[in-house]
Amino acid sequence: MPAPEPSPPQSSLLAAASRSGANADVERILRGPSGLGTAGLRLARREEPTAPPAPPTPSAVPAEGNPIPGLYHHPVPEPDPVRVEEVSRRIKAWALDEVDLYPEEWEEQFDGFSVGRYMVACHPDAPTVDHLMLATRLMVAENAVDDCYCEDHGGSPIGLGGRLLLAHTALDALHTTREYQPRWAESLHSDAPRRAYRSAMEYFVQASSPSQADRFRHDMARLHMGYLAEAAWAQTDHVPEVWEYLAMRQFNNFRPCPTITDTVGGYELPADLHAQPAMQRVIALAGNATTIVNDLYSYTKELASPGRHLNLPVVIAEREGLSERDAYLKAVEVHNDLMRDFEAEAAAVAVAFPVPAAQRFLRGVAAWVDGNHYWHQTNTFRYSLPDFW
C-alpha cells in the first residue's frame, strides 16, 4: 500500500479554503454565530462602556439555562427526547447492575449529570441507541476516574500516577506472564473507576475497528498525562503561566470524546486521514475550545469547592493581574479565538480532503463541539454563571 501523501502546510490549507467555493459542509463548519449570546462583551480596559447583550429570541432559547454573554457558539436543536430517555435508562442500569459504579447517596448527582441528554446532543448522527451507548459508557467511566481519583469523591493528587496507571490497563491490557495475569485481571474489578473503564472499553472494542480502539487508547493516555500535570501543580501549590495552563488543558480535556465520533456514527475515518497533521490540529482545537467551555461554566462551582481549583479565569487573574471579572471575560475571548481557529482549520481540511468519511467526521466533531456547549449551558443542576454582567 502506498504511503499517504504528506499533509499540506496549514497556510496552504487555509488558502485553498478561501479560494474555493464553500460547499455545504464547509459552510456548516464556518457558519457564524446564530444570535444566542453572541453580543460580545469586552474587557474593562476598553474605554467605551460595554452595552448589555441583546436578549436571545424566545423561539431559539433552549429549555434551561442561559449562554455566557459574548461566548461564540452555535445553538443546537433539542435532543430527541425518546433517545434521551432510553440512553438515560440504559446508562443507569449499566452503572448500577453491571459495574456497581456508585453508592446510593450519589444517585442525585448521577441523575443531575444528565449524561443521556449530553450524548444525544453531541452525536446527532448516531444510527442507533446502541451506538450512543458506546460514547455514554465511556463518558461516565471517564468522569468516575476524575471524581474518584482526582476530585471531590475521594480523589487526591498524592499517589495519582499509580492509580491512573493501573486504571489505564483496563483500556490498554497488560501483557504479562501466566503467573501474574490472574492478579491483574482480578484488579480490574477492585474499584468503581476500573470496573467502569473495563466494561465500557469491552463494549467499545466490540463495535470499533482495531485502529479506532487504539486511537482512543492514545487519547486516553493524553488525558491521564494532563491529570498528572494538574496534580503535580496542586502538590507544589504552583499556579502556571497562562500558556502553561493551556498546554495542560490540551491534554486534560475532552479530546477522547470527539475523536470517537466516527465509531459512534457507525463508520470509520481511515487511519491515514486521522493521522494527518491538519486533521490532528482540528481535533486538538476542538478539544481545547470545548474544555475552556467547561472552565467557564464550572467557574462558580469550582470557586465554591474546598481548596483552589485551577481554571483559565483563575490563572489569568493571578498571572496577568486582572480582576476576577476581567479575567473571566478575557477567558471568554480565548475560547472565542480557539473556536474561530477550529472552524477555519476544519473548513480548510474539508477542502483539502474531500472524501465522504473526512467530511462526515468533520461534521461530527463540529456537532460534538456544539452539543458540548448545549449541555453545559442547560445543565443548571451543576452550573450557574457568575454575576459579571
# chains A, B, ... in the order shown; residues from 1 in each chain; ligands from 1
call {"tool": "residues_around", "arguments": {"residues": "Ser88 of chain A", "least_positions_apart": "3", "cutoff": "12 Å", "atoms": "only C-alpha atoms", "output": "list in words"}}
result
Pro81, Val82, Arg83, Val84, Glu85, Ile91, Lys92, Ala93, Trp94, Ala95, Phe110, Asp111, Gly112, Phe113, Ser114, Val115, Gly116, Arg117, Tyr118, Met119, Val120, Val129, Leu132, Met133, Thr136, Arg137 and Val140 of chain A
call {"tool": "write_last_selection", "arguments": {"atoms": "C-alpha atoms", "output": "PDB file, in the first residue's frame"}}
result
ATOM      1  CA  PRO A  81     -36.442  13.113  23.975  1.00  0.00           C
ATOM      2  CA  VAL A  82     -37.127   9.467  23.169  1.00  0.00           C
ATOM      3  CA  ARG A  83     -33.435   8.771  22.707  1.00  0.00           C
ATOM      4  CA  VAL A  84     -32.523  10.817  25.765  1.00  0.00           C
ATOM      5  CA  GLU A  85     -34.905   8.794  27.923  1.00  0.00           C
ATOM      6  CA  ILE A  91     -26.753   4.031  31.377  1.00  0.00           C
ATOM      7  CA  LYS A  92     -28.221   3.938  34.865  1.00  0.00           C
ATOM      8  CA  ALA A  93     -28.855   0.207  34.561  1.00  0.00           C
ATOM      9  CA  TRP A  94     -25.268  -0.284  33.394  1.00  0.00           C
ATOM     10  CA  ALA A  95     -23.896   1.839  36.224  1.00  0.00           C
ATOM     11  CA  PHE A 110     -25.553  10.838  38.775  1.00  0.00           C
ATOM     12  CA  ASP A 111     -29.033  11.821  37.616  1.00  0.00           C
ATOM     13  CA  GLY A 112     -28.113  15.520  37.660  1.00  0.00           C
ATOM     14  CA  PHE A 113     -25.222  14.883  35.299  1.00  0.00           C
ATOM     15  CA  SER A 114     -27.845  14.324  32.553  1.00  0.00           C
ATOM     16  CA  VAL A 115     -25.439  12.246  30.523  1.00  0.00           C
ATOM     17  CA  GLY A 116     -28.194  10.946  28.240  1.00  0.00           C
ATOM     18  CA  ARG A 117     -29.091  14.450  27.116  1.00  0.00           C
ATOM     19  CA  TYR A 118     -25.381  15.231  26.790  1.00  0.00           C
ATOM     20  CA  MET A 119     -24.541  12.353  24.475  1.00  0.00           C
ATOM     21  CA  VAL A 120     -27.671  12.595  22.320  1.00  0.00           C
ATOM     22  CA  VAL A 129     -29.129   3.905  20.739  1.00  0.00           C
ATOM     23  CA  LEU A 132     -24.901   6.247  21.544  1.00  0.00           C
ATOM     24  CA  MET A 133     -24.253   3.943  24.466  1.00  0.00           C
ATOM     25  CA  THR A 136     -22.153   7.295  27.066  1.00  0.00           C
ATOM     26  CA  ARG A 137     -20.427   4.469  28.947  1.00  0.00           C
ATOM     27  CA  VAL A 140     -19.430   8.061  32.602  1.00  0.00           C
TER      28      VAL A 140
END
call {"tool": "closest_residue", "arguments": {"among": "A:Ser190, A:Ser209, A:Ser323, A:Asn311", "to": "Asp295 of chain A", "atoms": "only C-alpha atoms"}}
result
A:Asn311
call {"tool": "residues_around", "arguments": {"residues": "segment 276-289 of chain A", "least_positions_apart": "6", "cutoff": "6 Å", "atoms": "only C-alpha atoms", "output": "mmCIF file with C-alpha atoms, in the first residue's frame"}}
result
data_model
loop_
_atom_site.group_PDB
_atom_site.id
_atom_site.type_symbol
_atom_site.label_atom_id
_atom_site.label_comp_id
_atom_site.auth_asym_id
_atom_site.auth_seq_id
_atom_site.Cartn_x
_atom_site.Cartn_y
_atom_site.Cartn_z
ATOM 1 C CA SER A 7 -0.257 16.877 4.713
ATOM 2 C CA GLN A 250 -4.694 20.421 25.708
ATOM 3 C CA PHE A 254 -12.426 16.424 26.141
ATOM 4 C CA ARG A 255 -10.358 15.175 23.204
ATOM 5 C CA HIS A 335 -12.315 30.481 23.906
ATOM 6 C CA LEU A 338 -9.912 28.873 19.703
ATOM 7 C CA MET A 339 -13.390 28.334 18.241
ATOM 8 C CA PHE A 342 -11.121 25.410 14.899
ATOM 9 C CA ALA A 346 -11.786 22.428 9.803
#
call {"tool": "closest_residue", "arguments": {"among": "A:Thr263, A:Asn143, A:Thr169, A:Thr177", "to": "Arg215 of chain A", "atoms": "only C-alpha atoms"}}
result
A:Thr263
call {"tool": "residues_around", "arguments": {"residues": "segment 224-235 of chain A", "least_positions_apart": "6", "cutoff": "8 Å", "atoms": "only C-alpha atoms", "output": "ChimeraX atom specification"}}
result
/A:150,156-158,160-161,164,248-253
call {"tool": "atom_distance", "arguments": {"atom1": "atom CA of Gln212 of chain A", "atom2": "atom CA of Arg340 of chain A"}}
result
27.4 Å
call {"tool": "closest_atom_pairs", "arguments": {"of": "segment 230-297 of chain A", "to": "segment 367-383 of chain A", "cutoff": "7 Å", "atoms": "only C-alpha atoms", "output": "JSON lines"}}
result
{"residue": "A:Pro258", "atom": "CA", "partner": "A:Trp368", "partner_atom": "CA", "distance": 6.0}
{"residue": "A:Ala286", "atom": "CA", "partner": "A:Val369", "partner_atom": "CA", "distance": 6.5}
{"residue": "A:Thr290", "atom": "CA", "partner": "A:Val369", "partner_atom": "CA", "distance": 6.1}
{"residue": "A:Val293", "atom": "CA", "partner": "A:His373", "partner_atom": "CA", "distance": 6.7}
{"residue": "A:Tyr297", "atom": "CA", "partner": "A:Tyr383", "partner_atom": "CA", "distance": 6.0}
call {"tool": "write_last_selection", "arguments": {"atoms": "all heavy atoms", "output": "tab-separated table (two decimals), in the first residue's frame"}}
result
chain	number	residue	atom	x	y	z
A	258	PRO	N	-14.73	13.74	21.13
A	258	PRO	CA	-14.98	13.94	19.70
A	258	PRO	C	-14.16	13.03	18.80
A	258	PRO	O	-14.56	12.79	17.66
A	258	PRO	CB	-14.60	15.42	19.48
A	258	PRO	CG	-13.73	15.79	20.62
A	258	PRO	CD	-14.19	14.96	21.77
A	286	ALA	N	-10.63	21.54	18.67
A	286	ALA	CA	-11.97	21.22	19.17
A	286	ALA	C	-11.92	20.85	20.64
A	286	ALA	O	-12.74	21.32	21.46
A	286	ALA	CB	-12.58	20.07	18.36
A	290	THR	N	-13.67	23.20	23.63
A	290	THR	CA	-14.74	22.64	24.45
A	290	THR	C	-14.33	22.56	25.92
A	290	THR	O	-15.18	22.66	26.82
A	290	THR	CB	-15.14	21.24	23.95
A	290	THR	OG1	-13.99	20.40	23.87
A	290	THR	CG2	-15.80	21.31	22.59
A	293	VAL	N	-14.84	25.87	27.53
A	293	VAL	CA	-16.27	25.98	27.86
A	293	VAL	C	-16.54	25.43	29.26
A	293	VAL	O	-17.25	26.03	30.06
A	293	VAL	CB	-17.13	25.24	26.81
A	293	VAL	CG1	-18.56	25.01	27.31
A	293	VAL	CG2	-17.17	26.03	25.51
A	297	TYR	N	-18.16	27.57	32.40
A	297	TYR	CA	-19.44	27.23	33.02
A	297	TYR	C	-19.28	26.67	34.44
A	297	TYR	O	-20.17	26.81	35.27
A	297	TYR	CB	-20.23	26.26	32.15
A	297	TYR	CG	-20.98	26.95	31.03
A	297	TYR	CD1	-20.45	27.04	29.75
A	297	TYR	CD2	-22.22	27.54	31.27
A	297	TYR	CE1	-21.13	27.69	28.72
A	297	TYR	CE2	-22.91	28.20	30.25
A	297	TYR	CZ	-22.37	28.27	28.99
A	297	TYR	OH	-23.04	28.94	27.98
call {"tool": "select_by_dssp", "arguments": {"residues": "segment 71-174 of chain A", "states": "alpha helix (DSSP H)", "output": "MDAnalysis selection string"}}
result
chainID A and resid 81:93 107:113 115:122 129:145 160:168
call {"tool": "write_last_selection", "arguments": {"atoms": "N, CA and C atoms", "output": "short mmCIF file (atom, residue, chain, number, x, y, z; two decimals), in the first residue's frame"}}
result
data_model
loop_
_atom_site.label_atom_id
_atom_site.label_comp_id
_atom_site.auth_asym_id
_atom_site.auth_seq_id
_atom_site.Cartn_x
_atom_site.Cartn_y
_atom_site.Cartn_z
N PRO A 81 -36.11 13.53 22.61
CA PRO A 81 -36.44 13.11 23.97
C PRO A 81 -36.59 11.61 24.13
N VAL A 82 -36.99 10.92 23.08
CA VAL A 82 -37.13 9.47 23.17
C VAL A 82 -35.75 8.83 23.35
N ARG A 83 -34.79 9.29 22.56
CA ARG A 83 -33.43 8.77 22.71
C ARG A 83 -32.82 9.15 24.06
N VAL A 84 -33.06 10.38 24.47
CA VAL A 84 -32.52 10.82 25.77
C VAL A 84 -33.04 9.91 26.88
N GLU A 85 -34.32 9.63 26.87
CA GLU A 85 -34.90 8.79 27.92
C GLU A 85 -34.33 7.38 27.88
N GLU A 86 -34.17 6.83 26.70
CA GLU A 86 -33.67 5.46 26.60
C GLU A 86 -32.20 5.37 26.98
N VAL A 87 -31.40 6.32 26.52
CA VAL A 87 -29.98 6.32 26.90
C VAL A 87 -29.86 6.50 28.41
N SER A 88 -30.66 7.39 28.98
CA SER A 88 -30.61 7.62 30.43
C SER A 88 -30.98 6.35 31.19
N ARG A 89 -31.99 5.64 30.72
CA ARG A 89 -32.39 4.40 31.37
C ARG A 89 -31.29 3.35 31.29
N ARG A 90 -30.73 3.21 30.11
CA ARG A 90 -29.71 2.17 29.92
C ARG A 90 -28.43 2.47 30.69
N ILE A 91 -28.02 3.74 30.71
CA ILE A 91 -26.75 4.03 31.38
C ILE A 91 -26.89 3.85 32.88
N LYS A 92 -28.05 4.14 33.43
CA LYS A 92 -28.22 3.94 34.86
C LYS A 92 -28.23 2.45 35.20
N ALA A 93 -28.87 1.66 34.35
CA ALA A 93 -28.86 0.21 34.56
C ALA A 93 -27.44 -0.34 34.48
N GLU A 107 -26.74 9.06 43.97
CA GLU A 107 -27.70 8.90 42.87
C GLU A 107 -28.16 10.25 42.33
N GLU A 108 -28.41 11.22 43.21
CA GLU A 108 -28.88 12.52 42.74
C GLU A 108 -27.84 13.17 41.83
N GLN A 109 -26.57 13.05 42.18
CA GLN A 109 -25.53 13.63 41.34
C GLN A 109 -25.43 12.92 40.00
N PHE A 110 -25.59 11.59 40.03
CA PHE A 110 -25.55 10.84 38.78
C PHE A 110 -26.69 11.30 37.87
N ASP A 111 -27.89 11.38 38.42
CA ASP A 111 -29.03 11.82 37.62
C ASP A 111 -28.85 13.26 37.14
N GLY A 112 -28.30 14.12 38.01
CA GLY A 112 -28.11 15.52 37.66
C GLY A 112 -27.07 15.75 36.57
N PHE A 113 -26.21 14.76 36.37
CA PHE A 113 -25.22 14.88 35.30
C PHE A 113 -25.89 14.92 33.92
N VAL A 115 -26.35 12.71 31.56
CA VAL A 115 -25.44 12.25 30.52
C VAL A 115 -26.19 11.79 29.28
N GLY A 116 -27.43 11.33 29.42
CA GLY A 116 -28.19 10.95 28.24
C GLY A 116 -28.45 12.13 27.33
N ARG A 117 -28.86 13.23 27.91
CA ARG A 117 -29.09 14.45 27.12
C ARG A 117 -27.79 14.94 26.50
N TYR A 118 -26.71 14.81 27.26
CA TYR A 118 -25.38 15.23 26.79
C TYR A 118 -24.99 14.47 25.53
N MET A 119 -25.04 13.16 25.58
CA MET A 119 -24.54 12.35 24.48
C MET A 119 -25.46 12.39 23.26
N VAL A 120 -26.76 12.48 23.46
CA VAL A 120 -27.67 12.60 22.32
C VAL A 120 -27.44 13.93 21.61
N ALA A 121 -27.19 14.99 22.37
CA ALA A 121 -26.92 16.29 21.76
C ALA A 121 -25.60 16.28 20.98
N CYS A 122 -24.61 15.55 21.49
CA CYS A 122 -23.28 15.56 20.87
C CYS A 122 -23.15 14.64 19.67
N VAL A 129 -29.43 3.67 19.33
CA VAL A 129 -29.13 3.91 20.74
C VAL A 129 -27.91 3.09 21.17
N ASP A 130 -27.74 1.90 20.59
CA ASP A 130 -26.55 1.11 20.91
C ASP A 130 -25.27 1.89 20.60
N HIS A 131 -25.26 2.60 19.49
CA HIS A 131 -24.09 3.41 19.15
C HIS A 131 -23.91 4.55 20.15
N LEU A 132 -25.00 5.19 20.54
CA LEU A 132 -24.90 6.25 21.54
C LEU A 132 -24.36 5.73 22.86
N MET A 133 -24.71 4.51 23.20
CA MET A 133 -24.25 3.94 24.47
C MET A 133 -22.75 3.75 24.50
N LEU A 134 -22.11 3.56 23.35
CA LEU A 134 -20.65 3.45 23.32
C LEU A 134 -20.01 4.69 23.92
N ALA A 135 -20.48 5.85 23.48
CA ALA A 135 -19.94 7.11 24.00
C ALA A 135 -20.38 7.36 25.43
N THR A 136 -21.61 6.98 25.75
CA THR A 136 -22.15 7.30 27.07
C THR A 136 -21.43 6.53 28.16
N ARG A 137 -21.17 5.25 27.94
CA ARG A 137 -20.43 4.47 28.95
C ARG A 137 -19.03 5.05 29.16
N LEU A 138 -18.36 5.38 28.06
CA LEU A 138 -17.01 5.92 28.19
C LEU A 138 -17.02 7.26 28.90
N MET A 139 -18.01 8.11 28.61
CA MET A 139 -18.10 9.40 29.29
C MET A 139 -18.30 9.20 30.79
N VAL A 140 -19.19 8.30 31.18
CA VAL A 140 -19.43 8.06 32.60
C VAL A 140 -18.19 7.47 33.27
N ALA A 141 -17.51 6.55 32.58
CA ALA A 141 -16.30 5.95 33.15
C ALA A 141 -15.21 7.00 33.34
N GLU A 142 -15.02 7.86 32.35
CA GLU A 142 -14.01 8.91 32.48
C GLU A 142 -14.32 9.83 33.65
N ASN A 143 -15.58 10.15 33.85
CA ASN A 143 -15.94 11.01 34.97
C ASN A 143 -15.78 10.31 36.30
N ALA A 144 -15.99 8.99 36.33
CA ALA A 144 -15.76 8.25 37.56
C ALA A 144 -14.29 8.30 37.96
N VAL A 145 -13.41 8.14 36.97
CA VAL A 145 -11.98 8.24 37.25
C VAL A 145 -11.63 9.64 37.76
N LEU A 160 -1.60 9.72 42.64
CA LEU A 160 -2.48 9.66 41.48
C LEU A 160 -1.87 8.87 40.33
N GLY A 161 -0.57 9.03 40.12
CA GLY A 161 0.07 8.35 38.99
C GLY A 161 -0.11 6.84 39.05
N GLY A 162 0.07 6.25 40.22
CA GLY A 162 -0.10 4.80 40.34
C GLY A 162 -1.52 4.37 40.07
N ARG A 163 -2.50 5.14 40.57
CA ARG A 163 -3.91 4.79 40.34
C ARG A 163 -4.26 4.90 38.86
N LEU A 164 -3.81 5.96 38.22
CA LEU A 164 -4.12 6.13 36.80
C LEU A 164 -3.46 5.05 35.94
N LEU A 165 -2.23 4.69 36.27
CA LEU A 165 -1.54 3.66 35.50
C LEU A 165 -2.32 2.35 35.55
N LEU A 166 -2.75 1.95 36.74
CA LEU A 166 -3.47 0.69 36.86
C LEU A 166 -4.84 0.78 36.19
N ALA A 167 -5.50 1.93 36.29
CA ALA A 167 -6.78 2.09 35.60
C ALA A 167 -6.59 2.05 34.09
N HIS A 168 -5.49 2.62 33.61
CA HIS A 168 -5.27 2.64 32.16
C HIS A 168 -5.12 1.22 31.60
#
call {"tool": "residues_around", "arguments": {"residues": "segment 329-334 of chain A", "least_positions_apart": "6", "cutoff": "12 Å", "atoms": "only C-alpha atoms", "output": "ChimeraX atom specification"}}
result
/A:37-38,40-45,50,67-73,242-243,246,285,288-297,299,311-317,320-323,340-341,386-389
call {"tool": "closest_residue", "arguments": {"among": "A:Ala185, A:Asp125, A:Ser305, A:Leu385", "to": "Arg325 of chain A", "atoms": "only C-alpha atoms"}}
result
A:Leu385
call {"tool": "closest_residue", "arguments": {"among": "A:Lys301, A:Arg319, A:His123, A:His274", "to": "His238 of chain A", "atoms": "only C-alpha atoms"}}
result
A:Arg319
call {"tool": "closest_residue", "arguments": {"among": "A:Arg360, A:Pro124, A:Tyr102, A:Leu171", "to": "Pro77 of chain A", "atoms": "only C-alpha atoms"}}
result
A:Pro124
call {"tool": "closest_residue", "arguments": {"among": "A:Glu104, A:Glu98, A:Asp214, A:Tyr267", "to": "Ser199 of chain A", "atoms": "only C-alpha atoms"}}
result
A:Glu98
